[in-house]
$ cat entry.tsv   # TSV, C-alpha atoms and all ligand atoms
chain	number	residue	atom	x	y	z
L	1	MET	CA	64.66	-8.94	-16.14
L	2	PRO	CA	67.57	-10.04	-13.98
L	3	GLN	CA	69.94	-11.61	-16.47
L	4	SER	CA	73.34	-12.43	-15.16
L	5	SER	CA	76.17	-11.11	-17.26
L	6	CYS	CA	78.17	-14.25	-16.57
L	7	LEU	CA	75.75	-16.50	-18.43
L	8	PRO	CA	76.46	-17.18	-22.12
L	9	PRO	CA	74.82	-14.54	-24.34
L	10	PRO	CA	71.26	-15.47	-25.31
L	11	VAL	CA	69.94	-15.44	-28.89
L	12	ASN	CA	68.39	-12.01	-28.26
L	13	PRO	CA	69.82	-10.24	-25.19
L	14	LYS	CA	66.76	-7.96	-25.01
L	15	LEU	CA	64.41	-10.86	-24.32
L	16	ASP	CA	63.85	-13.24	-21.41
L	17	LEU	CA	65.79	-16.49	-21.48
L	18	THR	CA	64.56	-19.79	-22.85
L	19	ALA	CA	65.96	-23.28	-22.27
L	20	LEU	CA	65.10	-26.77	-23.39
L	21	ALA	CA	64.56	-28.85	-20.24
L	22	PRO	CA	66.73	-31.93	-19.88
L	23	MET	CA	64.67	-35.06	-20.59
L	24	GLN	CA	66.18	-38.48	-20.17
L	25	ASP	CA	65.95	-40.60	-23.33
L	26	VAL	CA	64.58	-37.61	-25.24
L	27	THR	CA	67.01	-34.68	-25.34
L	28	ASP	CA	69.91	-36.47	-26.98
L	29	LEU	CA	72.19	-35.14	-29.69
L	30	ARG	CA	69.73	-35.93	-32.45
L	31	PHE	CA	66.68	-34.46	-30.76
L	32	MET	CA	68.54	-31.22	-29.99
L	33	LYS	CA	69.49	-31.03	-33.65
L	34	VAL	CA	65.81	-31.32	-34.59
L	35	ILE	CA	64.87	-28.58	-32.11
L	36	ALA	CA	67.61	-26.31	-33.48
L	37	ASN	CA	66.07	-26.75	-36.90
L	38	TYR	CA	62.87	-25.04	-35.71
L	39	GLY	CA	64.45	-22.32	-33.57
L	40	SER	CA	66.86	-23.05	-30.75
L	41	PRO	CA	66.31	-22.04	-27.16
L	42	ASP	CA	69.03	-19.92	-25.58
L	43	TYR	CA	70.38	-22.90	-23.65
L	44	PHE	CA	70.37	-26.66	-23.89
L	45	PHE	CA	70.91	-29.12	-21.02
L	46	THR	CA	72.07	-32.70	-21.42
L	47	GLU	CA	70.24	-35.68	-20.02
L	48	TYR	CA	71.75	-36.45	-16.65
L	49	PHE	CA	75.10	-38.18	-16.28
L	50	ARG	CA	74.71	-40.70	-13.45
L	51	VAL	CA	77.47	-40.32	-10.89
L	52	TYR	CA	78.46	-43.15	-8.54
L	53	PRO	CA	81.72	-44.75	-7.42
L	54	ASN	CA	83.88	-45.46	-10.47
L	55	SER	CA	81.24	-44.12	-12.88
L	56	GLY	CA	82.51	-42.88	-16.21
L	57	LEU	CA	80.94	-40.44	-18.64
L	58	ASN	CA	78.09	-41.99	-20.61
L	59	HIS	CA	79.34	-41.98	-24.18
L	60	ASP	CA	75.99	-41.22	-25.83
L	61	ILE	CA	75.25	-38.29	-23.53
L	62	LEU	CA	78.78	-36.99	-24.01
L	63	ARG	CA	78.16	-36.87	-27.77
L	64	SER	CA	75.50	-34.22	-27.21
L	65	ILE	CA	78.36	-32.03	-25.96
L	66	THR	CA	81.24	-33.01	-28.23
L	67	GLU	CA	79.11	-33.08	-31.40
L	68	ASN	CA	76.75	-30.24	-30.46
L	69	SER	CA	75.81	-28.67	-33.80
L	70	THR	CA	73.10	-26.36	-32.48
L	71	ASP	CA	75.31	-23.25	-32.15
L	72	ARG	CA	73.83	-22.79	-28.67
L	73	PRO	CA	75.56	-23.46	-25.34
L	74	ILE	CA	74.90	-26.71	-23.55
L	75	PHE	CA	75.03	-27.35	-19.80
L	76	ALA	CA	76.05	-30.82	-18.60
L	77	GLN	CA	73.69	-32.19	-15.99
L	78	ILE	CA	74.87	-34.59	-13.30
L	79	ILE	CA	72.91	-36.64	-10.76
L	80	GLY	CA	74.41	-38.35	-7.72
L	81	GLU	CA	75.13	-37.97	-4.03
L	82	ASN	CA	78.67	-39.25	-3.46
L	83	ILE	CA	80.67	-36.06	-3.09
L	84	PRO	CA	84.13	-37.22	-4.29
L	85	ASP	CA	82.51	-38.77	-7.36
L	86	LEU	CA	80.40	-35.70	-8.08
L	87	VAL	CA	83.55	-33.58	-7.87
L	88	ARG	CA	85.49	-36.01	-10.07
L	89	ILE	CA	82.80	-36.09	-12.78
L	90	ALA	CA	82.19	-32.33	-12.64
L	91	ARG	CA	85.93	-31.75	-13.18
L	92	GLU	CA	86.01	-34.25	-16.00
L	93	LEU	CA	83.02	-32.67	-17.73
L	94	SER	CA	84.52	-29.20	-17.32
L	95	ARG	CA	87.25	-30.24	-19.77
L	96	TYR	CA	84.62	-30.49	-22.52
L	97	PRO	CA	82.94	-27.53	-24.26
L	98	VAL	CA	80.13	-27.16	-21.72
L	99	ALA	CA	78.48	-23.90	-20.69
L	100	GLY	CA	78.49	-25.14	-17.11
L	101	ILE	CA	77.75	-28.00	-14.75
L	102	ASP	CA	74.15	-28.48	-13.65
L	103	LEU	CA	73.22	-30.47	-10.54
L	104	ASN	CA	69.95	-32.40	-10.69
L	105	MET	CA	67.97	-32.04	-7.45
L	106	GLY	CA	64.55	-32.76	-8.88
L	107	CYS	CA	64.25	-36.21	-10.40
L	108	PRO	CA	61.07	-37.74	-8.88
L	109	ALA	CA	61.52	-41.35	-10.02
L	110	PRO	CA	61.30	-43.46	-6.83
L	111	ARG	CA	64.22	-45.69	-7.90
L	112	ILE	CA	66.30	-42.46	-8.03
L	113	TYR	CA	65.09	-40.52	-5.01
L	114	ARG	CA	65.22	-43.60	-2.77
L	115	LYS	CA	69.00	-43.50	-3.27
L	116	ASN	CA	68.91	-39.90	-2.00
L	117	VAL	CA	69.87	-38.49	-5.36
L	118	GLY	CA	67.92	-36.18	-7.69
L	119	GLY	CA	64.79	-35.02	-5.85
L	120	GLY	CA	65.79	-37.18	-2.86
L	121	LEU	CA	68.48	-34.62	-1.98
L	122	LEU	CA	65.81	-32.07	-1.11
L	123	ARG	CA	65.09	-34.11	2.05
L	124	ASP	CA	68.60	-33.41	3.31
L	125	PRO	CA	69.60	-29.71	3.17
L	126	GLU	CA	72.83	-30.44	5.08
L	127	LYS	CA	73.91	-32.85	2.36
L	128	VAL	CA	73.00	-30.22	-0.24
L	129	ASN	CA	75.16	-27.77	1.71
L	130	ARG	CA	78.17	-30.09	1.48
L	131	ILE	CA	77.61	-31.01	-2.16
L	132	LEU	CA	77.22	-27.43	-3.35
L	133	GLY	CA	80.21	-26.33	-1.27
L	134	GLU	CA	82.49	-28.97	-2.77
L	135	LEU	CA	81.19	-28.51	-6.30
L	136	ARG	CA	81.62	-24.74	-6.06
L	137	CYS	CA	85.29	-25.24	-5.15
L	138	ALA	CA	85.80	-27.82	-7.91
L	139	VAL	CA	84.08	-26.03	-10.80
L	140	ASP	CA	85.85	-22.92	-12.10
L	141	GLY	CA	83.08	-22.11	-14.56
L	142	LEU	CA	79.33	-21.88	-14.17
L	143	LEU	CA	77.61	-24.07	-11.62
L	144	THR	CA	73.85	-24.31	-11.96
L	145	VAL	CA	71.07	-26.21	-10.18
L	146	LYS	CA	67.81	-27.68	-11.41
L	147	MET	CA	65.40	-28.50	-8.61
L	148	ARG	CA	61.84	-28.73	-7.41
L	149	VAL	CA	60.22	-26.70	-4.63
L	150	GLY	CA	60.58	-29.48	-2.08
L	151	PHE	CA	60.28	-33.19	-1.53
L	152	GLU	CA	56.92	-33.70	0.16
L	153	ASN	CA	56.41	-30.13	1.33
L	154	THR	CA	58.27	-26.84	1.22
L	155	ASP	CA	59.76	-26.94	4.72
L	156	SER	CA	63.37	-26.85	3.43
L	157	PHE	CA	62.72	-24.58	0.46
L	158	ASP	CA	64.10	-21.36	1.94
L	159	ARG	CA	67.08	-23.15	3.48
L	160	ILE	CA	68.00	-24.55	0.06
L	161	LEU	CA	67.42	-21.22	-1.69
L	162	ASP	CA	69.82	-19.67	0.82
L	163	LEU	CA	72.41	-22.30	-0.10
L	164	ILE	CA	71.95	-21.33	-3.76
L	165	ASN	CA	73.01	-17.83	-2.68
L	166	LEU	CA	75.76	-18.98	-0.33
L	167	TYR	CA	77.55	-20.89	-3.07
L	168	ASP	CA	76.95	-18.34	-5.82
L	169	ILE	CA	75.02	-20.70	-8.04
L	170	ASN	CA	74.87	-19.06	-11.44
L	171	LEU	CA	71.42	-20.15	-12.63
L	172	LEU	CA	68.50	-21.89	-10.94
L	173	SER	CA	65.99	-23.87	-13.01
L	174	LEU	CA	62.99	-24.34	-10.77
L	175	HIS	CA	60.22	-26.85	-11.48
L	176	GLY	CA	57.30	-25.51	-9.46
L	177	ARG	CA	56.15	-28.84	-8.03
L	178	THR	CA	57.34	-31.00	-5.16
L	179	VAL	CA	58.94	-34.36	-5.91
L	180	LYS	CA	55.82	-36.12	-4.67
L	181	GLU	CA	53.70	-34.07	-7.06
L	182	MET	CA	55.54	-35.66	-9.98
L	183	TYR	CA	54.30	-34.13	-13.28
L	184	HIS	CA	50.56	-33.59	-13.27
L	185	SER	CA	49.53	-31.43	-10.33
L	186	ALA	CA	49.07	-27.68	-10.62
L	187	VAL	CA	52.40	-25.84	-10.77
L	188	HIS	CA	53.13	-23.52	-7.82
L	189	TYR	CA	54.15	-20.41	-9.72
L	190	ASP	CA	53.81	-18.43	-6.49
L	191	LEU	CA	56.72	-20.45	-5.10
L	192	ILE	CA	58.76	-19.71	-8.22
L	193	ALA	CA	57.99	-16.01	-7.67
L	194	HIS	CA	59.15	-16.42	-4.06
L	195	ALA	CA	62.44	-17.99	-5.20
L	196	VAL	CA	63.00	-15.17	-7.70
L	197	GLN	CA	62.79	-12.71	-4.81
L	198	ARG	CA	65.05	-14.74	-2.54
L	199	VAL	CA	67.94	-15.80	-4.78
L	200	LYS	CA	70.58	-13.59	-6.38
L	201	CYS	CA	70.93	-15.62	-9.58
L	202	PRO	CA	68.57	-15.72	-12.55
L	203	VAL	CA	65.73	-18.23	-12.24
L	204	LEU	CA	64.22	-20.22	-15.09
L	205	ALA	CA	60.55	-20.99	-14.40
L	206	ASN	CA	59.74	-24.58	-15.27
L	207	GLY	CA	56.55	-26.61	-15.34
L	208	ASN	CA	53.68	-26.52	-17.85
L	209	VAL	CA	55.04	-23.70	-19.98
L	210	THR	CA	52.84	-24.76	-22.87
L	211	SER	CA	52.91	-21.85	-25.35
L	212	ALA	CA	54.33	-18.40	-26.04
L	213	HIS	CA	51.30	-16.84	-24.43
L	214	THR	CA	51.64	-18.99	-21.28
L	215	ALA	CA	55.36	-18.27	-21.14
L	216	ALA	CA	54.70	-14.52	-21.13
L	217	ALA	CA	52.07	-14.89	-18.40
L	218	ILE	CA	54.40	-17.00	-16.24
L	219	LEU	CA	57.29	-14.59	-16.77
L	220	SER	CA	55.11	-11.74	-15.71
L	221	SER	CA	53.60	-13.47	-12.66
L	222	THR	CA	56.89	-14.89	-11.35
L	223	GLY	CA	59.41	-12.23	-12.41
L	224	ALA	CA	61.66	-15.10	-13.57
L	225	ALA	CA	64.55	-14.39	-15.92
L	226	GLY	CA	63.32	-16.98	-18.35
L	227	VAL	CA	61.45	-20.20	-18.94
L	228	MET	CA	62.60	-23.78	-19.25
L	229	ILE	CA	60.39	-25.99	-21.41
L	230	GLY	CA	60.28	-29.78	-21.63
L	231	ARG	CA	57.23	-31.66	-22.86
L	232	SER	CA	55.75	-28.78	-24.82
L	233	ALA	CA	58.94	-28.52	-26.88
L	234	ILE	CA	58.46	-32.12	-28.00
L	235	ARG	CA	54.87	-31.29	-28.92
L	236	ASN	CA	55.75	-27.98	-30.57
L	237	PRO	CA	59.42	-27.42	-31.49
L	238	TRP	CA	58.52	-23.96	-32.84
L	239	ILE	CA	57.79	-22.83	-29.26
L	240	PHE	CA	61.13	-21.08	-28.61
L	241	GLN	CA	60.85	-19.05	-31.81
L	242	GLN	CA	57.20	-18.27	-31.00
L	243	ILE	CA	58.18	-17.04	-27.53
L	244	ARG	CA	60.78	-14.71	-29.04
L	245	GLN	CA	58.16	-13.39	-31.48
L	246	TYR	CA	55.59	-12.89	-28.73
L	247	LEU	CA	58.02	-11.15	-26.39
L	248	SER	CA	59.17	-8.87	-29.23
L	249	GLY	CA	55.57	-7.86	-29.90
L	250	GLU	CA	55.54	-9.63	-33.28
L	251	PRO	CA	52.71	-11.89	-34.44
L	252	VAL	CA	53.30	-15.49	-33.40
L	253	SER	CA	53.68	-17.69	-36.50
L	254	MET	CA	51.00	-20.31	-36.76
L	255	VAL	CA	51.92	-23.84	-37.74
L	256	THR	CA	49.81	-25.94	-40.11
L	257	LEU	CA	49.14	-29.65	-39.75
L	258	ALA	CA	51.18	-30.20	-42.95
L	259	GLU	CA	54.19	-28.58	-41.25
L	260	VAL	CA	53.67	-30.85	-38.25
L	261	ARG	CA	53.63	-33.84	-40.64
L	262	ASP	CA	57.02	-32.62	-41.93
L	263	TYR	CA	58.28	-32.30	-38.33
L	264	ILE	CA	57.32	-35.93	-37.75
L	265	ASP	CA	59.34	-36.94	-40.83
L	266	THR	CA	62.28	-34.87	-39.60
L	267	LEU	CA	62.12	-36.60	-36.22
L	268	HIS	CA	62.03	-39.97	-37.91
L	269	ARG	CA	64.88	-39.19	-40.32
L	270	THR	CA	67.08	-37.62	-37.66
L	271	THR	CA	66.53	-39.96	-34.74
L	272	SER	CA	66.39	-43.40	-36.37
L	273	THR	CA	69.36	-45.42	-37.54
L	274	PRO	CA	69.41	-48.41	-39.91
L	275	THR	CA	70.57	-50.74	-37.13
L	276	ILE	CA	67.51	-50.12	-34.95
L	277	PRO	CA	64.71	-52.66	-35.52
L	278	GLU	CA	61.45	-51.32	-36.94
L	279	ARG	CA	59.51	-52.03	-33.73
L	280	ALA	CA	61.96	-49.92	-31.69
L	281	CYS	CA	61.70	-47.08	-34.25
L	282	VAL	CA	57.91	-47.24	-34.04
L	283	ASN	CA	58.04	-47.09	-30.25
L	284	ARG	CA	60.41	-44.15	-30.33
L	285	MET	CA	58.14	-42.27	-32.75
L	286	LYS	CA	55.15	-43.08	-30.52
L	287	MET	CA	56.95	-41.49	-27.60
L	288	TYR	CA	57.20	-38.19	-29.55
L	289	LEU	CA	53.70	-38.56	-31.04
L	290	ASN	CA	52.19	-38.94	-27.56
L	291	PHE	CA	53.08	-35.29	-27.04
L	292	ILE	CA	52.47	-34.01	-30.59
L	293	GLY	CA	49.04	-35.69	-30.64
L	294	GLN	CA	47.81	-33.43	-27.84
L	295	SER	CA	47.50	-30.57	-30.36
L	296	VAL	CA	46.36	-32.42	-33.50
L	297	GLU	CA	42.63	-32.83	-32.74
L	298	ASP	CA	40.52	-32.61	-29.62
L	299	SER	CA	38.83	-36.02	-29.36
L	300	GLY	CA	41.91	-38.12	-28.63
L	301	ALA	CA	41.20	-40.34	-31.67
L	302	PHE	CA	44.60	-39.60	-33.25
L	303	LEU	CA	46.37	-40.59	-30.03
L	304	SER	CA	44.34	-43.80	-29.65
L	305	GLU	CA	44.86	-44.91	-33.25
L	306	MET	CA	48.52	-43.98	-33.25
L	307	ARG	CA	49.09	-46.05	-30.08
L	308	LEU	CA	47.53	-49.13	-31.73
L	309	THR	CA	49.93	-49.19	-34.70
L	310	ARG	CA	52.70	-51.78	-34.94
L	311	THR	CA	54.61	-50.99	-38.12
L	312	GLU	CA	56.07	-47.80	-39.56
L	313	SER	CA	53.66	-47.88	-42.46
L	314	GLU	CA	50.66	-48.17	-40.10
L	315	LEU	CA	52.04	-45.36	-37.94
L	316	PHE	CA	52.71	-42.98	-40.82
L	317	GLY	CA	49.37	-43.96	-42.37
L	318	VAL	CA	47.60	-42.68	-39.23
L	319	CYS	CA	49.74	-39.51	-39.29
L	320	ASP	CA	48.85	-38.91	-42.96
L	321	ARG	CA	45.15	-39.41	-42.32
L	322	TYR	CA	44.98	-36.96	-39.43
L	323	LEU	CA	47.51	-34.40	-40.59
L	324	LEU	CA	47.16	-34.32	-44.36
L	325	SER	CA	43.38	-34.58	-44.85
L	326	ASP	CA	43.09	-30.88	-43.96
L	327	PRO	CA	46.76	-29.84	-44.26
L	328	ASP	CA	46.22	-26.10	-43.89
L	329	ARG	CA	44.38	-26.42	-40.58
L	330	GLU	CA	46.24	-24.85	-37.67
L	331	PHE	CA	48.07	-26.99	-35.14
L	332	ALA	CA	46.69	-25.90	-31.75
L	333	LEU	CA	49.12	-23.69	-29.82
L	334	GLU	CA	48.00	-25.25	-26.52
L	335	PRO	CA	47.37	-28.95	-25.87
L	336	TYR	CA	43.67	-29.82	-26.11
L	337	PRO	CA	42.20	-30.18	-22.60
L	338	GLY	CA	41.96	-33.72	-21.29
L	339	LEU	CA	44.47	-35.27	-23.71
L	340	VAL	CA	47.27	-36.91	-21.75
L	341	ALA	CA	50.63	-37.83	-23.21
L	342	ARG	CA	52.14	-40.99	-21.85
L	343	PRO	CA	54.75	-41.62	-20.81
L	344	SER	CA	55.54	-38.20	-19.41
L	345	CYS	CA	58.13	-38.84	-16.80
L	346	GLU	CA	61.71	-39.96	-16.37
L	347	THR	CA	61.43	-43.61	-17.26
L	348	PRO	CA	64.19	-45.85	-18.58
L	349	ARG	CA	63.90	-46.50	-22.30
L	350	GLU	CA	63.06	-50.18	-21.83
L	351	SER	CA	60.09	-49.25	-19.61
L	352	ILE	CA	58.94	-46.62	-22.10
L	353	THR	CA	58.97	-49.29	-24.78
L	354	GLY	CA	57.14	-51.63	-22.42
L	355	GLN	CA	54.45	-49.11	-21.55
L	356	ILE	CA	53.89	-48.29	-25.18
L	357	SER	CA	53.77	-51.96	-26.15
L	358	GLN	CA	51.22	-52.59	-23.41
L	359	SER	CA	49.07	-49.77	-24.68
L	360	ALA	CA	49.37	-51.02	-28.25
R	401	LIG	C1	60.59	-37.89	-20.28
R	401	LIG	C2	61.16	-36.93	-19.28
R	401	LIG	C3	62.48	-37.07	-18.88
R	401	LIG	C4	63.04	-36.16	-17.96
R	401	LIG	N1	64.38	-36.25	-17.64
R	401	LIG	C5	64.94	-35.29	-16.84
R	401	LIG	C6	66.35	-35.27	-16.60
R	401	LIG	O1	67.12	-36.09	-17.12
R	401	LIG	N2	66.83	-34.29	-15.79
R	401	LIG	C7	66.02	-33.35	-15.20
R	401	LIG	O2	66.51	-32.47	-14.47
R	401	LIG	N3	64.69	-33.35	-15.44
R	401	LIG	C8	64.14	-34.28	-16.25
R	401	LIG	N4	62.81	-34.22	-16.54
R	401	LIG	C9	61.99	-33.11	-15.99
R	401	LIG	C10	61.95	-31.95	-17.01
R	401	LIG	O3	63.23	-31.41	-17.20
R	401	LIG	C11	60.99	-30.85	-16.55
R	401	LIG	O4	61.43	-30.37	-15.30
R	401	LIG	C12	59.55	-31.33	-16.39
R	401	LIG	O5	59.16	-32.11	-17.52
R	401	LIG	C13	58.58	-30.14	-16.25
R	401	LIG	O6	58.67	-29.31	-17.36
R	401	LIG	P1	57.56	-29.34	-18.56
R	401	LIG	O7	56.20	-29.18	-17.93
R	401	LIG	O8	57.94	-28.22	-19.46
R	401	LIG	O9	57.68	-30.69	-19.22
R	401	LIG	C14	62.23	-35.13	-17.42
R	401	LIG	C15	60.90	-35.02	-17.82
R	401	LIG	C16	60.36	-35.89	-18.74
R	401	LIG	C17	58.94	-35.70	-19.17
$ encode --input "entry.tsv" --output "structure tokens"
Amino acid sequence: MPQSSCLPPPVNPKLDLTALAPMQDVTDLRFMKVIANYGSPDYFFTEYFRVYPNSGLNHDILRSITENSTDRPIFAQIIGENIPDLVRIARELSRYPVAGIDLNMGCPAPRIYRKNVGGGLLRDPEKVNRILGELRCAVDGLLTVKMRVGFENTDSFDRILDLINLYDINLLSLHGRTVKEMYHSAVHYDLIAHAVQRVKCPVLANGNVTSAHTAAAILSSTGAAGVMIGRSAIRNPWIFQQIRQYLSGEPVSMVTLAEVRDYIDTLHRTTSTPTIPERACVNRMKMYLNFIGQSVEDSGAFLSEMRLTRTESELFGVCDRYLLSDPDREFALEPYPGLVARPSCETPRESITGQISQSA
């Protein structure tokens, strides 16, 4: 597989790359620590730093770099469109122990793309040309891009892939959907395969990589250098280790429901703080459980009951009932068909809390 020698060494240089996808309000310092506990990916990415005139570095996101205890490299992701500010923030971030600077060109939230940032940039290849040109000059180290295959269609896809080559981008994480396709349409792996052929740098295939088996199939069909995984890593934090096992020809370790119950406790212990009110803790746990619940049982009853809880004791009571009544049963490697996690998009924390409260 085409692994670039300039990227930080992966956990196992003989295997394809893995990365935890950046997820706003999810992949913070604490969550990355939890993931590392179950088997780190090769690379981590921060949530995006918003860049605008006079913006500073978000303190909480910065902690995921300065206090990174995962032993794995972390890329700092930025989102914005104002070139002097992007350059300023990229330079500032380069002074911290980051593996590189990653430009977000994929965020599909309308309040983001309407400002022509994130996925909105894909509508304007000339702007992308200028941004990448200036960032390439400003960043001495690795400069990487995370993007989708287009905004509404793929008309500018090749033009942008050629810019990836022109500015010697070091790694391309490609979510195989357009911005308008958001998160739930089929993923266009054929377009990822096309990008792998067209660009010089390694490509991480992203979008619905749900298990070790799926990862191997996507790697083989796209020729990508690795996979980037978001939602399925919340559901199954063992996934990176399982991919390494699968790709090495070893049996993939199965996980029992009792181990998943322990994972839920670890999430709770690691991500809650005494100053956060119980209701906020419950909502945060529900956000994780929305994903985990897709592999607990196939009827959706766990998800429905979990969403109705209001206190920690109710929430953990539901978890105990579904996960400890038959503790040795296997946690499904794939999500059960038809079970939808919500929310599953970039949504500010207050809206996540709102959506969950409405559903409760
Ligand atoms: C809750 C949530 C937050 C996200 N935040 C970001 C982000 O900050 N930056 C980014 O580039 N992508 C973000 N994404 C997109 C993911 O990185 C990833 O591209 C997408 O979820 C598809 O991968 P998956 O199917 O493995 O989840 C987010 C996705 C979700 C579900």
$ closest_atom_pairs --input "entry.tsv" --of "chain L" --to "ligand LIG 401 (chain R)" --cutoff "9 Å" --atoms "all atoms listed in the file" --output "Markdown table"
| residue | atom | partner | partner_atom | distance |
| --- | --- | --- | --- | --- |
| L:Leu20 | CA | R:LIG401 | O3 | 8.0 |
| L:Ala21 | CA | R:LIG401 | O3 | 4.2 |
| L:Pro22 | CA | R:LIG401 | O3 | 4.4 |
| L:Met23 | CA | R:LIG401 | N1 | 3.2 |
| L:Gln24 | CA | R:LIG401 | N1 | 3.8 |
| L:Asp25 | CA | R:LIG401 | C3 | 6.7 |
| L:Val26 | CA | R:LIG401 | C1 | 6.4 |
| L:Thr27 | CA | R:LIG401 | C3 | 8.2 |
| L:Phe45 | CA | R:LIG401 | N2 | 8.4 |
| L:Thr46 | CA | R:LIG401 | O1 | 7.4 |
| L:Glu47 | CA | R:LIG401 | O1 | 4.3 |
| L:Tyr48 | CA | R:LIG401 | O1 | 4.7 |
| L:Phe49 | CA | R:LIG401 | O1 | 8.3 |
| L:Gln77 | CA | R:LIG401 | N2 | 7.2 |
| L:Ile78 | CA | R:LIG401 | N2 | 8.4 |
| L:Ile79 | CA | R:LIG401 | N2 | 8.2 |
| L:Asp102 | CA | R:LIG401 | O2 | 8.7 |
| L:Leu103 | CA | R:LIG401 | O2 | 8.0 |
| L:Asn104 | CA | R:LIG401 | O2 | 5.1 |
| L:Met105 | CA | R:LIG401 | O2 | 7.2 |
| L:Gly106 | CA | R:LIG401 | O2 | 5.9 |
| L:Cys107 | CA | R:LIG401 | N3 | 5.8 |
| L:Pro108 | CA | R:LIG401 | C9 | 8.5 |
| L:Gly118 | CA | R:LIG401 | O2 | 7.9 |
| L:Val145 | CA | R:LIG401 | O2 | 8.9 |
| L:Lys146 | CA | R:LIG401 | O2 | 5.8 |
| L:Met147 | CA | R:LIG401 | O2 | 7.2 |
| L:Arg148 | CA | R:LIG401 | O4 | 8.1 |
| L:Ser173 | CA | R:LIG401 | O4 | 8.3 |
| L:Leu174 | CA | R:LIG401 | O4 | 7.7 |
| L:His175 | CA | R:LIG401 | O4 | 5.3 |
| L:Gly176 | CA | R:LIG401 | C13 | 8.3 |
| L:Arg177 | CA | R:LIG401 | C13 | 8.7 |
| L:Met182 | CA | R:LIG401 | C12 | 8.7 |
| L:Tyr183 | CA | R:LIG401 | C13 | 6.6 |
| L:His184 | CA | R:LIG401 | O7 | 8.5 |
| L:Val187 | CA | R:LIG401 | O7 | 8.8 |
| L:Asn206 | CA | R:LIG401 | O6 | 5.3 |
| L:Gly207 | CA | R:LIG401 | O7 | 3.7 |
| L:Asn208 | CA | R:LIG401 | O7 | 3.7 |
| L:Val209 | CA | R:LIG401 | O8 | 5.4 |
| L:Thr210 | CA | R:LIG401 | O8 | 7.0 |
| L:Val227 | CA | R:LIG401 | O8 | 8.8 |
| L:Met228 | CA | R:LIG401 | O8 | 6.4 |
| L:Ile229 | CA | R:LIG401 | O8 | 3.8 |
| L:Gly230 | CA | R:LIG401 | O8 | 3.6 |
| L:Arg231 | CA | R:LIG401 | O9 | 3.8 |
| L:Ser232 | CA | R:LIG401 | O8 | 5.8 |
| L:Ala233 | CA | R:LIG401 | O8 | 7.5 |
| L:Ile234 | CA | R:LIG401 | O9 | 8.9 |
| L:Met287 | CA | R:LIG401 | C1 | 8.9 |
| L:Pro343 | CA | R:LIG401 | C1 | 6.9 |
| L:Ser344 | CA | R:LIG401 | C17 | 4.2 |
| L:Cys345 | CA | R:LIG401 | C17 | 4.0 |
| L:Glu346 | CA | R:LIG401 | C3 | 3.9 |
| L:Thr347 | CA | R:LIG401 | C1 | 6.5 |
| L:Pro348 | CA | R:LIG401 | C1 | 8.9 |
$ residues_around --input "entry.tsv" --residues "L:Ile89" --least-positions-apart "6" --cutoff "12 Å" --atoms "all atoms listed in the file" --output "MDAnalysis selection string"
chainID L and resid 48:58 62 76:83 95:96 101:103 135 138:139
$ atom_distance --input "entry.tsv" --atom1 "atom CA of L:Tyr38" --atom2 "atom CA of L:Gly300"
25.7 Å
$ closest_residue --input "entry.tsv" --among "L:Glu334, L:Asp298, L:Arg235, L:Tyr263" --to "L:Thr214" --atoms "all atoms listed in the file"
L:Glu334
$ atom_distance --input "entry.tsv" --atom1 "atom CA of L:Pro9" --atom2 "atom CA of L:Leu161"
24.7 Å
$ atom_distance --input "entry.tsv" --atom1 "atom CA of L:Leu257" --atom2 "atom CA of L:Pro274"
27.6 Å
$ closest_residue --input "entry.tsv" --among "L:Lys33, L:Arg261, L:Arg91, L:Lys180" --to "L:Arg72" --atoms "all atoms listed in the file"
L:Lys33
$ closest_residue --input "entry.tsv" --among "L:Gly120, L:Pro13, L:Pro237, L:Gly150" --to "L:Ser40" --atoms "only C-alpha atoms"
L:Pro237
$ closest_residue --input "entry.tsv" --among "L:Ser299, L:Val117, L:Leu204, L:Arg307" --to "L:Ile218" --atoms "all atoms listed in the file"
L:Leu204
$ closest_residue --input "entry.tsv" --among "L:Cys137, L:Tyr189, L:Phe240, L:Leu15" --to "L:Gly39" --atoms "all atoms listed in the file"
L:Phe240
$ closest_residue --input "entry.tsv" --among "L:Leu247, L:Val260, L:Cys201, L:Ala193" --to "L:Thr222" --atoms "all atoms listed in the file"
L:Ala193
$ residues_around --input "entry.tsv" --residues "L:Ala99" --least-positions-apart "5" --cutoff "6 Å" --atoms "all atoms listed in the file" --output "PDB file with C-alpha atoms, in the coordinates of the input"
ATOM      1  CA  PRO L  73      75.560 -23.460 -25.340  1.00  0.00           C
ATOM      2  CA  ILE L  74      74.900 -26.710 -23.550  1.00  0.00           C
ATOM      3  CA  PHE L  75      75.030 -27.350 -19.800  1.00  0.00           C
TER       4      PHE L  75
END
$ residues_around --input "entry.tsv" --residues "L:Leu333" --least-positions-apart "2" --cutoff "10 Å" --atoms "only C-alpha atoms" --output "list in words"
Thr210, Ser211, Ala212, His213, Ser232, Arg235, Asn236, Trp238, Ile239, Gln242, Val252, Met254, Val255, Ser295, Val296, Glu330, Phe331, Pro335 and Tyr336 of chain L
